[in-house]
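Note sheet for the following structure.
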Amino acid sequence: MVYDFHLKFEGEIFMADAYMAKKEDKFSFGLWTVGNIGRDPFGDPTRKPIPPTRIVKNLSRLGAWGINLHDNDLVPIDATPKGRNQIVRDFKKALEDHDMVVPMATTNTFTHPVFRDGGFTSNDPKVRAYGLQKIMRSIDLGAELGAKIYVFWGGREGAECNVAKDPVEAIKRYRDGINYLCRYVRDQKYGMKFALEAKPNEPRADMYFPTTGHYLAFIETLDDPKMVGVNPEVAHEHMAGLNFHHGVAQALESGKLFHIDLNDQRFGRYDQDFRFGSEDYKSAFLLVKLLEEKKYRGPKHFDAHAFRTEDEKGVWHFAEGCMRTYNILKEKVRCFQKDPEIQGILAEIAGQNPEFEKHLGKYSRKKAQALKRIRFDIDGMAKKGLGFERLDQLLTELMLGIR
Ligand code: GLT
Ligand code: MN
Ligand code: MN
């Protein structure tokens, strides 16, 4: 690949070509993603914190559109009101100077030891009350910065000792908390929507609402289901061994895909939060194909972080890589849509036995009686192979770059 020109900053060279991110791509990162300092349960940080204002500047230069945050990514948990206001002022100025927006905000209800047994679901009403207070303050901050989506990831809503908490009560408490906050947001006229994010385990041994599907069912039991959707994350569904784009399809189909966390992950491991598309190209392709073909227009958020081996330069290459890979896969989707052989096979698949459509769809007694009279030659119907091997190989060759 020959690049027309190069983008330089911080002494590093970045790639500026057709795949470079543009504002209209609506790519966002969290302060906690590019700001990740490389700490893990076995090792100390390998990087110094990057000031939020520099994060805003550099992401903008790479073509990102938005920056998301937890309350304490920006404002330390023990900041004075005066200190908080100064930090927020500086941050707003950086957003303006670099044409960046805050599409989403969220609360950290998992780091401080007070939340060691959950925020919403804690057995202790005093902890639950503090949790609500912290979230309301954080929602206020999000609203001040213009966020229209508010994410809930219940990092400590779960258990190790599974007899210490009644799981039915835990769900009721979670519902009470979300209902309360929906009313708060409406009362304040913030015009925000909520997006619930599932994860099956880590940091708790077992987390409540382990998958996006669990949340989709739960949302329908809320006082105002319209205000609440989901924020599925690639890594989290893959941890549960699930097909991510099928889950996303269900969320999309029910009008509940309010936000999405893009990253990558090997199956069966801890939450790796790798660069988008870095591990499983085919799943990433299928996801991009789905989002593009179904015209998802919400934020595309990279909830990922650079390898622990990296210094700050590596962090910016990581961020660039997430966005480039999305756009490269988008181009692959266009190639797929234009490939005559692939499209020929798909047209054949779509055009089988159209005369039977009239027997399907909405029930009527007349239709049911007619359908019951038909004699199906099921052995004949099962004889012909479906040709999916060929189709799948064509996809493989397209992805490997020889079509
Ligand atoms: C945390 C988690 C993410 C969530 C963030 C939002 S916090 O980094 O691992 O998946 O999206 O609360
Ligand atoms: Mn994750
Ligand atoms: Mn996430």
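Simple scheme: letters A, B, ... for chains in structure tokens order, numbers from 1 for residues in each chain, numbers from 1 for ligands in the order shown.
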
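Restricting the atom set to only C-alpha atoms and all ligand atoms, one finds that the residues within 8 Å of ligand 1 amount to Trp32, Thr33, His70, Thr106, Thr107, Asn108, Val151, Phe152, Trp153, Gly154, Gly155, Glu197, Lys199, Asn231, Glu233, His236, Asp261, Asp271, Asp273 and Asp303 of chain A.
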
Could you pull the residues within 12 Å of Asn72 of chain A, counting only C-alpha atoms, minus those fewer than 4 positions along the same chain, as a JSON list (two decimals) with all heavy atoms, in the first residue's frame?
[["chain", "number", "residue", "atom", "x", "y", "z"],
["A", 31, "LEU", "N", -11.83, 7.84, 28.01],
["A", 31, "LEU", "CA", -10.59, 8.31, 28.66],
["A", 31, "LEU", "C", -9.85, 7.13, 29.27],
["A", 31, "LEU", "O", -8.63, 7.10, 29.32],
["A", 31, "LEU", "CB", -10.93, 9.32, 29.77],
["A", 31, "LEU", "CG", -11.21, 10.77, 29.37],
["A", 31, "LEU", "CD1", -11.47, 11.59, 30.63],
["A", 31, "LEU", "CD2", -10.07, 11.36, 28.56],
["A", 32, "TRP", "N", -10.63, 6.13, 29.73],
["A", 32, "TRP", "CA", -10.01, 4.98, 30.38],
["A", 32, "TRP", "C", -9.38, 3.99, 29.40],
["A", 32, "TRP", "O", -8.70, 3.07, 29.81],
["A", 32, "TRP", "CB", -11.04, 4.24, 31.25],
["A", 32, "TRP", "CG", -12.09, 3.47, 30.48],
["A", 32, "TRP", "CD1", -12.03, 2.14, 30.13],
["A", 32, "TRP", "CD2", -13.33, 3.95, 29.96],
["A", 32, "TRP", "NE1", -13.17, 1.79, 29.43],
["A", 32, "TRP", "CE2", -13.99, 2.89, 29.31],
["A", 32, "TRP", "CE3", -13.96, 5.20, 29.97],
["A", 32, "TRP", "CZ2", -15.23, 3.02, 28.69],
["A", 32, "TRP", "CZ3", -15.21, 5.32, 29.35],
["A", 32, "TRP", "CH2", -15.82, 4.25, 28.72],
["A", 52, "PRO", "N", -6.07, 14.19, 30.35],
["A", 52, "PRO", "CA", -7.26, 14.14, 29.49],
["A", 52, "PRO", "C", -7.23, 15.14, 28.34],
["A", 52, "PRO", "O", -7.68, 14.83, 27.24],
["A", 52, "PRO", "CB", -8.40, 14.44, 30.46],
["A", 52, "PRO", "CG", -7.91, 13.96, 31.79],
["A", 52, "PRO", "CD", -6.42, 14.20, 31.78],
["A", 68, "ASN", "N", -15.39, 9.52, 25.65],
["A", 68, "ASN", "CA", -16.32, 9.16, 26.73],
["A", 68, "ASN", "C", -15.57, 9.06, 28.05],
["A", 68, "ASN", "O", -14.36, 8.90, 28.06],
["A", 68, "ASN", "CB", -16.97, 7.82, 26.39],
["A", 68, "ASN", "CG", -17.66, 7.85, 25.04],
["A", 68, "ASN", "OD1", -18.32, 8.84, 24.72],
["A", 68, "ASN", "ND2", -17.48, 6.82, 24.25],
["A", 76, "PRO", "N", -11.04, 13.38, 40.11],
["A", 76, "PRO", "CA", -10.71, 12.43, 41.18],
["A", 76, "PRO", "C", -11.84, 12.32, 42.20],
["A", 76, "PRO", "O", -12.54, 13.31, 42.47],
["A", 76, "PRO", "CB", -9.45, 13.02, 41.82],
["A", 76, "PRO", "CG", -8.88, 13.95, 40.80],
["A", 76, "PRO", "CD", -10.03, 14.43, 39.95],
["A", 77, "ILE", "N", -12.00, 11.15, 42.76],
["A", 77, "ILE", "CA", -13.15, 10.88, 43.65],
["A", 77, "ILE", "C", -13.16, 11.84, 44.86],
["A", 77, "ILE", "O", -14.22, 12.15, 45.39],
["A", 77, "ILE", "CB", -13.17, 9.39, 44.08],
["A", 77, "ILE", "CG1", -14.53, 8.99, 44.65],
["A", 77, "ILE", "CG2", -12.04, 9.04, 45.02],
["A", 77, "ILE", "CD1", -14.79, 7.49, 44.72],
["A", 78, "ASP", "N", -11.97, 12.35, 45.25],
["A", 78, "ASP", "CA", -11.91, 13.22, 46.43],
["A", 78, "ASP", "C", -11.71, 14.70, 46.06],
["A", 78, "ASP", "O", -11.29, 15.50, 46.89],
["A", 78, "ASP", "CB", -10.78, 12.73, 47.36],
["A", 78, "ASP", "CG", -9.47, 12.56, 46.62],
["A", 78, "ASP", "OD1", -9.44, 12.87, 45.39],
["A", 78, "ASP", "OD2", -8.49, 12.10, 47.23],
["A", 79, "ALA", "N", -12.02, 15.08, 44.81],
["A", 79, "ALA", "CA", -11.80, 16.47, 44.39],
["A", 79, "ALA", "C", -12.74, 17.42, 45.15],
["A", 79, "ALA", "O", -13.87, 17.06, 45.46],
["A", 79, "ALA", "CB", -12.06, 16.61, 42.89],
["A", 84, "ARG", "N", -12.98, 20.42, 41.02],
["A", 84, "ARG", "CA", -13.80, 19.78, 39.98],
["A", 84, "ARG", "C", -14.13, 20.77, 38.87],
["A", 84, "ARG", "O", -13.96, 20.48, 37.68],
["A", 84, "ARG", "CB", -15.10, 19.24, 40.61],
["A", 84, "ARG", "CG", -16.10, 18.70, 39.61],
["A", 84, "ARG", "CD", -17.54, 18.97, 40.06],
["A", 84, "ARG", "NE", -18.52, 18.37, 39.16],
["A", 84, "ARG", "CZ", -19.13, 19.02, 38.17],
["A", 84, "ARG", "NH1", -18.85, 20.28, 37.92],
["A", 84, "ARG", "NH2", -20.03, 18.39, 37.43],
["A", 87, "ILE", "N", -11.21, 21.50, 36.57],
["A", 87, "ILE", "CA", -10.91, 20.37, 35.68],
["A", 87, "ILE", "C", -11.92, 20.31, 34.54],
["A", 87, "ILE", "O", -11.57, 20.15, 33.36],
["A", 87, "ILE", "CB", -10.94, 19.03, 36.47],
["A", 87, "ILE", "CG1", -9.77, 18.99, 37.48],
["A", 87, "ILE", "CG2", -10.87, 17.84, 35.54],
["A", 87, "ILE", "CD1", -9.86, 17.84, 38.48],
["A", 88, "VAL", "N", -13.19, 20.49, 34.88],
["A", 88, "VAL", "CA", -14.25, 20.40, 33.87],
["A", 88, "VAL", "C", -14.11, 21.56, 32.87],
["A", 88, "VAL", "O", -14.27, 21.37, 31.66],
["A", 88, "VAL", "CB", -15.65, 20.36, 34.53],
["A", 88, "VAL", "CG1", -16.76, 20.43, 33.49],
["A", 88, "VAL", "CG2", -15.80, 19.09, 35.38],
["A", 105, "ALA", "N", -21.41, 8.99, 28.73],
["A", 105, "ALA", "CA", -20.72, 9.04, 30.02],
["A", 105, "ALA", "C", -21.19, 7.86, 30.86],
["A", 105, "ALA", "O", -22.21, 7.22, 30.55],
["A", 105, "ALA", "CB", -20.99, 10.36, 30.72],
["A", 106, "THR", "N", -20.45, 7.56, 31.91],
["A", 106, "THR", "CA", -20.75, 6.41, 32.75],
["A", 106, "THR", "C", -20.18, 6.67, 34.15],
["A", 106, "THR", "O", -19.47, 7.64, 34.35],
["A", 106, "THR", "CB", -20.21, 5.12, 32.07],
["A", 106, "THR", "OG1", -20.50, 3.99, 32.89],
["A", 106, "THR", "CG2", -18.73, 5.17, 31.81],
["A", 107, "THR", "N", -20.54, 5.82, 35.09],
["A", 107, "THR", "CA", -20.05, 6.02, 36.46],
["A", 107, "THR", "C", -19.15, 4.87, 36.86],
["A", 107, "THR", "O", -19.42, 3.72, 36.53],
["A", 107, "THR", "CB", -21.20, 6.02, 37.50],
["A", 107, "THR", "OG1", -22.31, 6.68, 36.93],
["A", 107, "THR", "CG2", -20.79, 6.71, 38.78],
["A", 108, "ASN", "N", -18.13, 5.17, 37.61],
["A", 108, "ASN", "CA", -17.30, 4.11, 38.17],
["A", 108, "ASN", "C", -17.93, 3.67, 39.49],
["A", 108, "ASN", "O", -17.83, 4.36, 40.51],
["A", 108, "ASN", "CB", -15.88, 4.63, 38.37],
["A", 108, "ASN", "CG", -14.97, 3.53, 38.86],
["A", 108, "ASN", "OD1", -15.41, 2.64, 39.59],
["A", 108, "ASN", "ND2", -13.70, 3.58, 38.48],
["A", 109, "THR", "N", -18.59, 2.52, 39.45],
["A", 109, "THR", "CA", -19.13, 1.94, 40.69],
["A", 109, "THR", "C", -18.46, 0.60, 40.94],
["A", 109, "THR", "O", -19.10, -0.37, 41.33],
["A", 109, "THR", "CB", -20.67, 1.75, 40.61],
["A", 109, "THR", "OG1", -20.97, 1.07, 39.39],
["A", 109, "THR", "CG2", -21.42, 3.06, 40.66],
["A", 110, "PHE", "N", -17.15, 0.57, 40.64],
["A", 110, "PHE", "CA", -16.46, -0.70, 40.84],
["A", 110, "PHE", "C", -15.07, -0.58, 41.46],
["A", 110, "PHE", "O", -14.58, -1.53, 42.04],
["A", 110, "PHE", "CB", -16.37, -1.49, 39.51],
["A", 110, "PHE", "CG", -15.97, -0.65, 38.32],
["A", 110, "PHE", "CD1", -14.64, -0.45, 38.01],
["A", 110, "PHE", "CD2", -16.95, -0.04, 37.54],
["A", 110, "PHE", "CE1", -14.28, 0.34, 36.92],
["A", 110, "PHE", "CE2", -16.60, 0.75, 36.45],
["A", 110, "PHE", "CZ", -15.26, 0.94, 36.13],
["A", 111, "THR", "N", -14.40, 0.59, 41.35],
["A", 111, "THR", "CA", -13.02, 0.66, 41.83],
["A", 111, "THR", "C", -12.95, 0.81, 43.35],
["A", 111, "THR", "O", -12.20, 0.09, 44.02],
["A", 111, "THR", "CB", -12.26, 1.83, 41.16],
["A", 111, "THR", "OG1", -12.22, 1.57, 39.75],
["A", 111, "THR", "CG2", -10.84, 1.94, 41.68],
["A", 112, "HIS", "N", -13.70, 1.75, 43.90],
["A", 112, "HIS", "CA", -13.58, 2.01, 45.34],
["A", 112, "HIS", "C", -14.07, 0.81, 46.15],
["A", 112, "HIS", "O", -15.10, 0.21, 45.82],
["A", 112, "HIS", "CB", -14.40, 3.26, 45.72],
["A", 112, "HIS", "CG", -14.02, 3.78, 47.07],
["A", 112, "HIS", "ND1", -14.49, 3.20, 48.22],
["A", 112, "HIS", "CD2", -13.19, 4.78, 47.44],
["A", 112, "HIS", "CE1", -13.97, 3.83, 49.26],
["A", 112, "HIS", "NE2", -13.16, 4.80, 48.81],
["A", 134, "LYS", "N", -23.77, 8.85, 43.82],
["A", 134, "LYS", "CA", -22.58, 8.98, 42.95],
["A", 134, "LYS", "C", -23.02, 8.99, 41.49],
["A", 134, "LYS", "O", -22.52, 9.77, 40.68],
["A", 134, "LYS", "CB", -21.62, 7.81, 43.23],
["A", 134, "LYS", "CG", -20.26, 7.96, 42.53],
["A", 134, "LYS", "CD", -19.29, 6.88, 42.99],
["A", 134, "LYS", "CE", -17.84, 7.18, 42.64],
["A", 134, "LYS", "NZ", -17.51, 7.04, 41.26],
["A", 135, "ILE", "N", -23.98, 8.12, 41.16],
["A", 135, "ILE", "CA", -24.42, 8.06, 39.76],
["A", 135, "ILE", "C", -25.14, 9.35, 39.36],
["A", 135, "ILE", "O", -24.92, 9.88, 38.27],
["A", 135, "ILE", "CB", -25.31, 6.81, 39.50],
["A", 135, "ILE", "CG1", -24.49, 5.53, 39.72],
["A", 135, "ILE", "CG2", -25.86, 6.83, 38.08],
["A", 135, "ILE", "CD1", -25.31, 4.25, 39.74],
["A", 137, "ARG", "N", -24.66, 12.34, 40.49],
["A", 137, "ARG", "CA", -23.64, 13.39, 40.29],
["A", 137, "ARG", "C", -22.91, 13.19, 38.98],
["A", 137, "ARG", "O", -22.57, 14.14, 38.27],
["A", 137, "ARG", "CB", -22.65, 13.39, 41.45],
["A", 137, "ARG", "CG", -23.29, 13.95, 42.70],
["A", 137, "ARG", "CD", -22.31, 14.04, 43.84],
["A", 137, "ARG", "NE", -22.94, 14.66, 45.00],
["A", 137, "ARG", "CZ", -22.51, 14.56, 46.24],
["A", 137, "ARG", "NH1", -21.42, 13.84, 46.50],
["A", 137, "ARG", "NH2", -23.13, 15.17, 47.22],
["A", 138, "SER", "N", -22.66, 11.92, 38.67],
["A", 138, "SER", "CA", -21.95, 11.61, 37.44],
["A", 138, "SER", "C", -22.83, 11.88, 36.22],
["A", 138, "SER", "O", -22.35, 12.34, 35.17],
["A", 138, "SER", "CB", -21.51, 10.15, 37.50],
["A", 138, "SER", "OG", -20.96, 9.76, 36.29],
["A", 141, "LEU", "N", -22.62, 15.48, 35.54],
["A", 141, "LEU", "CA", -21.38, 15.81, 34.82],
["A", 141, "LEU", "C", -21.52, 15.45, 33.34],
["A", 141, "LEU", "O", -21.17, 16.25, 32.47],
["A", 141, "LEU", "CB", -20.20, 15.03, 35.45],
["A", 141, "LEU", "CG", -18.86, 15.12, 34.72],
["A", 141, "LEU", "CD1", -18.32, 16.54, 34.70],
["A", 141, "LEU", "CD2", -17.82, 14.18, 35.36],
["A", 142, "GLY", "N", -22.07, 14.27, 33.07],
["A", 142, "GLY", "CA", -22.29, 13.85, 31.69],
["A", 142, "GLY", "C", -23.17, 14.84, 30.95],
["A", 142, "GLY", "O", -22.89, 15.23, 29.81]]

Exercise: segment 315-328 of chain A partners within 7 Å, only C-alpha atoms, chain neighbours under 4 positions left out, as a short mmCIF file (atom, residue, chain, number, x, y, z; two decimals) with C-alpha atoms, in the first residue's frame:
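For reference, out_27.cif as written:
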data_model
loop_
_atom_site.label_atom_id
_atom_site.label_comp_id
_atom_site.auth_asym_id
_atom_site.auth_seq_id
_atom_site.Cartn_x
_atom_site.Cartn_y
_atom_site.Cartn_z
CA TYR A 19 -8.97 4.42 5.61
CA MET A 20 -8.08 7.21 7.99
CA ALA A 21 -10.91 8.05 10.40
CA VAL A 34 -6.28 5.27 25.65
CA LEU A 62 -6.26 10.86 14.44
CA ARG A 275 -7.48 -3.49 19.45
CA PHE A 276 -10.61 -3.83 17.32
CA GLY A 277 -10.32 -6.58 14.71
CA ALA A 306 -2.99 -0.91 24.08
CA GLU A 310 3.57 -0.15 24.88
CA ASP A 311 4.62 3.37 25.73
CA LYS A 332 -14.25 -5.23 2.40
#

### Query
Of the residues A:Gly119, A:Gly63, A:Gly268, A:Pro167, which is the one nearest to Asp17 of chain A, using only C-alpha atoms?
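The answer is A:Gly63, which sits nearest to Asp17 of chain A.
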
### Query
When distances are computed from only C-alpha atoms and all ligand atoms, which of A:Pro81, A:Gly146, A:Pro232, A:Gly385 shows the smallest separation from ligand 3?
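Nearest to ligand 3: A:Pro232.
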
### Message
Which residues are near segment 215-225 of chain A? Cut-off 7 Å, only C-alpha atoms, ignore same chain within fewer than 2 positions. Put them as a list in words.
### Response
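The filter keeps Arg175, Asn179, Leu196, Phe209, Thr211, Thr212, Gly213, Met227 and Val228 of chain A.
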
### Query
With only C-alpha atoms as the basis for distance, which of A:Met15, A:Arg116, A:Leu252, A:Ala147 is at the shortest distance from Arg61 of chain A?
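Once distances to Arg61 of chain A are computed over only C-alpha atoms, the minimum belongs to A:Met15.
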
#### Entry: Separation of atom CA of Ala64 of chain A from atom CA of Lys23 of chain A, in Å and rounded to one decimal
6.0 Å

## Note on the structure
Min atom-atom distance to ligand 3 from the set A:Leu391, A:Ala164, A:Ile55, A:Ala304, counting only C-alpha atoms and all ligand atoms, belongs to A:Ala304

### Task
Apply DSSP to the structure's backbone, then extract all residues of segment 27-120 of chain A labelled strand (DSSP E) and return them as a PyMOL selection string.
chain A and resi 27-30+66-70+104-106

Serialized selection, C-alpha atoms, as a compact mmCIF listing (two decimals), in the first residue's frame:
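Output below, filename selection33.txt:
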# COMPACT_ATOMS: atom_id res chain seq x y z
CA PHE A 27 -15.57 6.86 16.29
CA SER A 28 -15.12 7.39 20.00
CA PHE A 29 -12.78 6.22 22.76
CA GLY A 30 -13.03 6.33 26.53
CA GLY A 66 -15.89 11.54 20.52
CA ILE A 67 -14.42 10.94 23.95
CA ASN A 68 -16.32 9.16 26.73
CA LEU A 69 -15.62 9.07 30.41
CA HIS A 70 -16.41 7.76 33.86
CA MET A 104 -21.51 8.97 26.32
CA ALA A 105 -20.72 9.04 30.02
CA THR A 106 -20.75 6.41 32.75

### Task
Quick one: pull the distance between atom CA of Ala205 of chain A and atom CA of Ala159 of chain A, Å, one decimal.
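Pair atom CA of Ala205 of chain A / atom CA of Ala159 of chain A returns 6.1 Å.
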
### Task
Write out as a ChimeraX atom specification each polymer residue whose atoms come within 12 Å of Gly401 of chain A, counting only C-alpha atoms; drop sequence neighbours fewer than 3 positions from it.
/A:328-329,331-332,335-336,394-398

### Message
Need the shell around Gly387 of chain A: protein/DNA/RNA residues with any atom at most 12 Å away, counting only C-alpha atoms. Skip same-chain ones fewer than 5 positions apart. Format as a list in words?
### Response
Ile342, Gly344, Ile345, Leu346, Glu348, Ile349, Asp392, Gln393 and Leu394 of chain A

With N, CA, C and O atoms retained, export the selected residues as a PDB file, in the first residue's frame.
ATOM      1  N   ILE A 342     -20.275 -13.928  -5.616  1.00  0.00           N
ATOM      2  CA  ILE A 342     -20.904 -13.986  -4.285  1.00  0.00           C
ATOM      3  C   ILE A 342     -22.359 -13.535  -4.382  1.00  0.00           C
ATOM      4  O   ILE A 342     -23.268 -14.187  -3.866  1.00  0.00           O
ATOM      5  N   GLY A 344     -24.275 -13.564  -6.936  1.00  0.00           N
ATOM      6  CA  GLY A 344     -25.051 -14.549  -7.695  1.00  0.00           C
ATOM      7  C   GLY A 344     -25.543 -15.661  -6.781  1.00  0.00           C
ATOM      8  O   GLY A 344     -26.723 -16.048  -6.813  1.00  0.00           O
ATOM      9  N   ILE A 345     -24.642 -16.163  -5.938  1.00  0.00           N
ATOM     10  CA  ILE A 345     -25.034 -17.236  -5.004  1.00  0.00           C
ATOM     11  C   ILE A 345     -26.099 -16.720  -4.038  1.00  0.00           C
ATOM     12  O   ILE A 345     -27.100 -17.380  -3.764  1.00  0.00           O
ATOM     13  N   LEU A 346     -25.909 -15.505  -3.548  1.00  0.00           N
ATOM     14  CA  LEU A 346     -26.881 -14.954  -2.584  1.00  0.00           C
ATOM     15  C   LEU A 346     -28.249 -14.743  -3.237  1.00  0.00           C
ATOM     16  O   LEU A 346     -29.284 -14.966  -2.608  1.00  0.00           O
ATOM     17  N   GLU A 348     -29.471 -16.531  -5.620  1.00  0.00           N
ATOM     18  CA  GLU A 348     -30.087 -17.860  -5.720  1.00  0.00           C
ATOM     19  C   GLU A 348     -30.687 -18.287  -4.374  1.00  0.00           C
ATOM     20  O   GLU A 348     -31.799 -18.811  -4.303  1.00  0.00           O
ATOM     21  N   ILE A 349     -29.944 -18.048  -3.312  1.00  0.00           N
ATOM     22  CA  ILE A 349     -30.435 -18.398  -1.965  1.00  0.00           C
ATOM     23  C   ILE A 349     -31.743 -17.656  -1.668  1.00  0.00           C
ATOM     24  O   ILE A 349     -32.696 -18.221  -1.142  1.00  0.00           O
ATOM     25  N   ASP A 392     -18.635 -19.673   1.562  1.00  0.00           N
ATOM     26  CA  ASP A 392     -17.777 -19.329   2.699  1.00  0.00           C
ATOM     27  C   ASP A 392     -16.315 -19.197   2.269  1.00  0.00           C
ATOM     28  O   ASP A 392     -15.582 -18.348   2.766  1.00  0.00           O
ATOM     29  N   GLN A 393     -15.886 -20.046   1.305  1.00  0.00           N
ATOM     30  CA  GLN A 393     -14.516 -19.945   0.802  1.00  0.00           C
ATOM     31  C   GLN A 393     -14.329 -18.635   0.025  1.00  0.00           C
ATOM     32  O   GLN A 393     -13.281 -18.001   0.120  1.00  0.00           O
ATOM     33  N   LEU A 394     -15.356 -18.245  -0.705  1.00  0.00           N
ATOM     34  CA  LEU A 394     -15.252 -16.968  -1.440  1.00  0.00           C
ATOM     35  C   LEU A 394     -15.082 -15.819  -0.449  1.00  0.00           C
ATOM     36  O   LEU A 394     -14.300 -14.903  -0.674  1.00  0.00           O
TER      37      LEU A 394
END

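Residue nearest Lys126 of chain A within the list A:Tyr270, A:Val114, A:His214, A:Lys165: A:Val114 [criterion: smallest interatomic distance, only C-alpha atoms].
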